Number of protein chains: 2
Amino acid sequence: MVNYPGGTKKTEYAKVTSSGGRGMDLEKEINRTNAYYLDTDRAVIHKKPTPVTIVKVDYPKRSAAKITEAYFKIPSTTDYNGIYRGKYLDFEAKECALNTSFPLKSVHPHQIVHLDAVLRHGALAFMIVRFTKLEETYFVEARKVIDFWNAGERRSIPYKWFAENGFLIPGNFLMPVDYLKIVDRIYFNEGG
Amino acid sequence: MVNYPGGTKKTEYAKVTSSGGRGMDLEKEINRTNAYYLDTDRAVIHKKPTPVTIVKVDYPKRSAAKITEAYFKIPSTTDYNGIYRGKYLDFEAKECALNTSFPLKSVHPHQIVHLDAVLRHGALAFMIVRFTKLEETYFVEARKVIDFWNAGERRSIPYKWFAENGFLIPGNFLMPVDYLKIVDRIYFNEGG
């Protein structure tokens, strides 16, 4: 069971690709964390809406326009961006069902190009990868993922690589995925 | 005739609210400008997808998931954001069919709250307002719009106010709405 943006409940989303449903639990937790950051005025970071190509719209009299045909679209950027401590911040989040490695095919080439572009312009850019079964959520700097991608030697990133190159993200009830703690540590040299 | 993201052509969008169709010409021109900024590696600024609440999805065998029921949603942020010269940049764009004033009801309260929040965090934040019939496109700093909004005295901003408080945005074929020229001038003191 997953909650769609807007709160409409849908079942059977397991078949949908990443833009439509997979990774929804991590997404919900990040959204909750972002809402807390926003409420406490710590950062302004939002998930972008799921990109959809709209084909048909009905206009019933005296009620809201109803989209009757639309398709999920491949995203041209990452899902999350915003501002933190005066800096542009940008990231992509993915869940991974395997224990041993993270398949690179779950990241769109557009997203790698985008992360590379924002990095060049001075962004704080990273990925959040959750190994679902292991219940471990890693923060990895975008630079490292891009370098791995560019090396082009492997189709997936081994779990071990995350343990060595990433940072485990702590969480609590209010901030289930408190990634700004890692941002503070690696970009602002705070909190050890 | 308007082009939806993804290039699907639709007629009859005049009835849809701002999130669905109105202002599409300005939107297209801004998208083209942003594409040029991106191609020339000057900035990374994208329009967010139109927010939609998805209610029903069909999964035909051997073809893409088809959304069969969805509704336009009120956006919780502005439509555009990105990074320029190392700074987080954020804006909303609106077309205005009247010659004499811009009705404030075409801006969602969420968007004003959002602009105020990103400003506090150090963003370059502004609005682009086009008076369609006059063929004039103004750049106005978010701070000024928020102050006008907070004063709460009027339900629309007079055209004259834009001429006095805003900046006319130049354009050309490659960059139909070259708003970064104004950003350079007012935030970086460049180009007179």
# chains A, B, ... in the order shown; residues from 1 in each chain; ligands from 1
>>> residues_around(residues="Gly191 in chain B", least_positions_apart="6", cutoff="12 Å", atoms="only C-alpha atoms", output="VMD selection string")
chain B and resid 180 to 185
>>> write_last_selection(atoms="N, CA and C atoms", output="PDB file, in the first residue's frame")
ATOM      1  N   LEU B 180      18.139  36.062 -16.736  1.00  0.00           N
ATOM      2  CA  LEU B 180      19.420  36.084 -16.010  1.00  0.00           C
ATOM      3  C   LEU B 180      20.161  37.405 -16.210  1.00  0.00           C
ATOM      4  N   LYS B 181      19.822  38.102 -17.300  1.00  0.00           N
ATOM      5  CA  LYS B 181      20.404  39.425 -17.509  1.00  0.00           C
ATOM      6  C   LYS B 181      19.991  40.367 -16.367  1.00  0.00           C
ATOM      7  N   ILE B 182      18.744  40.245 -15.938  1.00  0.00           N
ATOM      8  CA  ILE B 182      18.275  41.073 -14.814  1.00  0.00           C
ATOM      9  C   ILE B 182      18.885  40.570 -13.496  1.00  0.00           C
ATOM     10  N   VAL B 183      18.983  39.256 -13.361  1.00  0.00           N
ATOM     11  CA  VAL B 183      19.606  38.694 -12.152  1.00  0.00           C
ATOM     12  C   VAL B 183      21.041  39.216 -12.023  1.00  0.00           C
ATOM     13  N   ASP B 184      21.783  39.207 -13.132  1.00  0.00           N
ATOM     14  CA  ASP B 184      23.159  39.719 -13.116  1.00  0.00           C
ATOM     15  C   ASP B 184      23.195  41.176 -12.663  1.00  0.00           C
ATOM     16  N   ARG B 185      22.217  41.940 -13.142  1.00  0.00           N
ATOM     17  CA  ARG B 185      22.229  43.361 -12.836  1.00  0.00           C
ATOM     18  C   ARG B 185      21.885  43.624 -11.375  1.00  0.00           C
TER      19      ARG B 185
END
>>> select_by_dssp(residues="range 92-189 of chain A", states="strand (DSSP E or B)", output="PDB file with N, CA and C atoms, in the first residue's frame")
ATOM      1  N   GLU A  92      19.087  12.503  -5.437  1.00  0.00           N
ATOM      2  CA  GLU A  92      18.185  11.460  -5.892  1.00  0.00           C
ATOM      3  C   GLU A  92      18.154  10.382  -4.812  1.00  0.00           C
ATOM      4  N   ALA A  93      17.002   9.738  -4.640  1.00  0.00           N
ATOM      5  CA  ALA A  93      16.876   8.685  -3.630  1.00  0.00           C
ATOM      6  C   ALA A  93      16.373   7.407  -4.283  1.00  0.00           C
ATOM      7  N   LYS A  94      16.975   6.291  -3.919  1.00  0.00           N
ATOM      8  CA  LYS A  94      16.577   5.003  -4.499  1.00  0.00           C
ATOM      9  C   LYS A  94      16.552   3.928  -3.443  1.00  0.00           C
ATOM     10  N   GLU A  95      15.585   3.032  -3.601  1.00  0.00           N
ATOM     11  CA  GLU A  95      15.574   1.831  -2.789  1.00  0.00           C
ATOM     12  C   GLU A  95      16.160   0.695  -3.599  1.00  0.00           C
ATOM     13  N   CYS A  96      16.788  -0.248  -2.884  1.00  0.00           N
ATOM     14  CA  CYS A  96      17.419  -1.374  -3.545  1.00  0.00           C
ATOM     15  C   CYS A  96      17.005  -2.647  -2.817  1.00  0.00           C
ATOM     16  N   SER A 101      24.258  -5.691  -4.091  1.00  0.00           N
ATOM     17  CA  SER A 101      24.664  -4.592  -4.963  1.00  0.00           C
ATOM     18  C   SER A 101      23.478  -3.749  -5.404  1.00  0.00           C
ATOM     19  N   PHE A 102      23.796  -2.544  -5.885  1.00  0.00           N
ATOM     20  CA  PHE A 102      22.786  -1.593  -6.342  1.00  0.00           C
ATOM     21  C   PHE A 102      22.907  -1.476  -7.866  1.00  0.00           C
ATOM     22  N   PRO A 103      21.895  -1.957  -8.610  1.00  0.00           N
ATOM     23  CA  PRO A 103      21.976  -1.946 -10.078  1.00  0.00           C
ATOM     24  C   PRO A 103      21.929  -0.520 -10.623  1.00  0.00           C
ATOM     25  N   LEU A 124      25.463  21.287  -3.448  1.00  0.00           N
ATOM     26  CA  LEU A 124      25.643  20.122  -2.591  1.00  0.00           C
ATOM     27  C   LEU A 124      24.813  19.026  -3.246  1.00  0.00           C
ATOM     28  N   ALA A 125      25.473  18.009  -3.819  1.00  0.00           N
ATOM     29  CA  ALA A 125      24.739  16.997  -4.588  1.00  0.00           C
ATOM     30  C   ALA A 125      25.129  15.607  -4.119  1.00  0.00           C
ATOM     31  N   PHE A 126      24.132  14.752  -3.988  1.00  0.00           N
ATOM     32  CA  PHE A 126      24.386  13.414  -3.448  1.00  0.00           C
ATOM     33  C   PHE A 126      23.278  12.446  -3.828  1.00  0.00           C
ATOM     34  N   MET A 127      23.462  11.196  -3.451  1.00  0.00           N
ATOM     35  CA  MET A 127      22.404  10.209  -3.591  1.00  0.00           C
ATOM     36  C   MET A 127      22.125   9.580  -2.232  1.00  0.00           C
ATOM     37  N   ILE A 128      20.866   9.175  -2.064  1.00  0.00           N
ATOM     38  CA  ILE A 128      20.490   8.398  -0.885  1.00  0.00           C
ATOM     39  C   ILE A 128      20.065   7.031  -1.400  1.00  0.00           C
ATOM     40  N   VAL A 129      20.742   5.982  -0.929  1.00  0.00           N
ATOM     41  CA  VAL A 129      20.413   4.623  -1.378  1.00  0.00           C
ATOM     42  C   VAL A 129      20.082   3.766  -0.166  1.00  0.00           C
ATOM     43  N   ARG A 130      18.897   3.192  -0.203  1.00  0.00           N
ATOM     44  CA  ARG A 130      18.491   2.305   0.904  1.00  0.00           C
ATOM     45  C   ARG A 130      18.533   0.847   0.456  1.00  0.00           C
ATOM     46  N   PHE A 131      19.287   0.048   1.203  1.00  0.00           N
ATOM     47  CA  PHE A 131      19.218  -1.402   1.031  1.00  0.00           C
ATOM     48  C   PHE A 131      18.081  -1.878   1.928  1.00  0.00           C
ATOM     49  N   GLU A 136      19.430  -0.466   5.796  1.00  0.00           N
ATOM     50  CA  GLU A 136      20.522   0.500   5.885  1.00  0.00           C
ATOM     51  C   GLU A 136      20.342   1.552   4.795  1.00  0.00           C
ATOM     52  N   THR A 137      20.466   2.809   5.178  1.00  0.00           N
ATOM     53  CA  THR A 137      20.275   3.901   4.229  1.00  0.00           C
ATOM     54  C   THR A 137      21.564   4.710   4.140  1.00  0.00           C
ATOM     55  N   TYR A 138      22.134   4.736   2.934  1.00  0.00           N
ATOM     56  CA  TYR A 138      23.427   5.380   2.742  1.00  0.00           C
ATOM     57  C   TYR A 138      23.326   6.729   2.045  1.00  0.00           C
ATOM     58  N   PHE A 139      24.194   7.604   2.465  1.00  0.00           N
ATOM     59  CA  PHE A 139      24.409   8.890   1.816  1.00  0.00           C
ATOM     60  C   PHE A 139      25.710   8.755   1.021  1.00  0.00           C
ATOM     61  N   VAL A 140      25.659   9.046  -0.291  1.00  0.00           N
ATOM     62  CA  VAL A 140      26.894   9.007  -1.084  1.00  0.00           C
ATOM     63  C   VAL A 140      26.993  10.297  -1.878  1.00  0.00           C
ATOM     64  N   GLU A 141      28.147  10.928  -1.837  1.00  0.00           N
ATOM     65  CA  GLU A 141      28.351  12.148  -2.607  1.00  0.00           C
ATOM     66  C   GLU A 141      28.190  11.856  -4.104  1.00  0.00           C
ATOM     67  N   SER A 156      26.635  -2.634 -11.669  1.00  0.00           N
ATOM     68  CA  SER A 156      26.031  -2.384 -10.373  1.00  0.00           C
ATOM     69  C   SER A 156      27.125  -2.017  -9.388  1.00  0.00           C
ATOM     70  N   ILE A 157      26.723  -1.289  -8.360  1.00  0.00           N
ATOM     71  CA  ILE A 157      27.677  -0.869  -7.329  1.00  0.00           C
ATOM     72  C   ILE A 157      27.550  -1.848  -6.158  1.00  0.00           C
ATOM     73  N   PRO A 158      28.662  -2.518  -5.806  1.00  0.00           N
ATOM     74  CA  PRO A 158      28.580  -3.490  -4.708  1.00  0.00           C
ATOM     75  C   PRO A 158      28.182  -2.823  -3.391  1.00  0.00           C
ATOM     76  N   PHE A 167      27.951   7.089   3.852  1.00  0.00           N
ATOM     77  CA  PHE A 167      27.733   7.343   5.270  1.00  0.00           C
ATOM     78  C   PHE A 167      26.350   6.830   5.627  1.00  0.00           C
ATOM     79  N   LEU A 168      26.244   6.080   6.696  1.00  0.00           N
ATOM     80  CA  LEU A 168      24.930   5.620   7.145  1.00  0.00           C
ATOM     81  C   LEU A 168      24.148   6.823   7.657  1.00  0.00           C
TER      82      LEU A 168
END
>>> interface_residues(of="chain A", to="chain B", cutoff="9 Å", atoms="only C-alpha atoms", output="ChimeraX atom specification")
/A:4-10,13,15-17,38,41-44,46,48-57,59,64-73,77,81-89,114,117-118,120-123
>>> select_by_dssp(residues="range 1-135 of chain B", states="alpha helix (DSSP H)", output="PyMOL selection string")
chain B and resi 24-39+109-120
>>> residues_around(residues="Pro176 in chain B", least_positions_apart="3", cutoff="8 Å", atoms="only C-alpha atoms", output="ChimeraX atom specification")
/B:29-30,32-33,170-173
>>> write_last_selection(atoms="C-alpha atoms", output="PDB file, in the first residue's frame")
ATOM      1  CA  GLU B  29       9.537  30.696 -23.797  1.00  0.00           C
ATOM      2  CA  ILE B  30      11.019  30.297 -20.342  1.00  0.00           C
ATOM      3  CA  ARG B  32      13.411  27.440 -24.214  1.00  0.00           C
ATOM      4  CA  THR B  33      15.513  30.034 -22.396  1.00  0.00           C
ATOM      5  CA  PRO B 170      14.878  41.479 -22.719  1.00  0.00           C
ATOM      6  CA  GLY B 171      14.664  38.543 -25.093  1.00  0.00           C
ATOM      7  CA  ASN B 172      15.922  37.192 -28.368  1.00  0.00           C
ATOM      8  CA  PHE B 173      15.396  34.096 -30.458  1.00  0.00           C
TER       9      PHE B 173
END
>>> atom_distance(atom1="CA of Asn34 in chain B", atom2="CA of Phe91 in chain B")
12.6 Å
>>> atom_distance(atom1="CA of Phe188 in chain B", atom2="CA of Arg143 in chain A")
28.4 Å
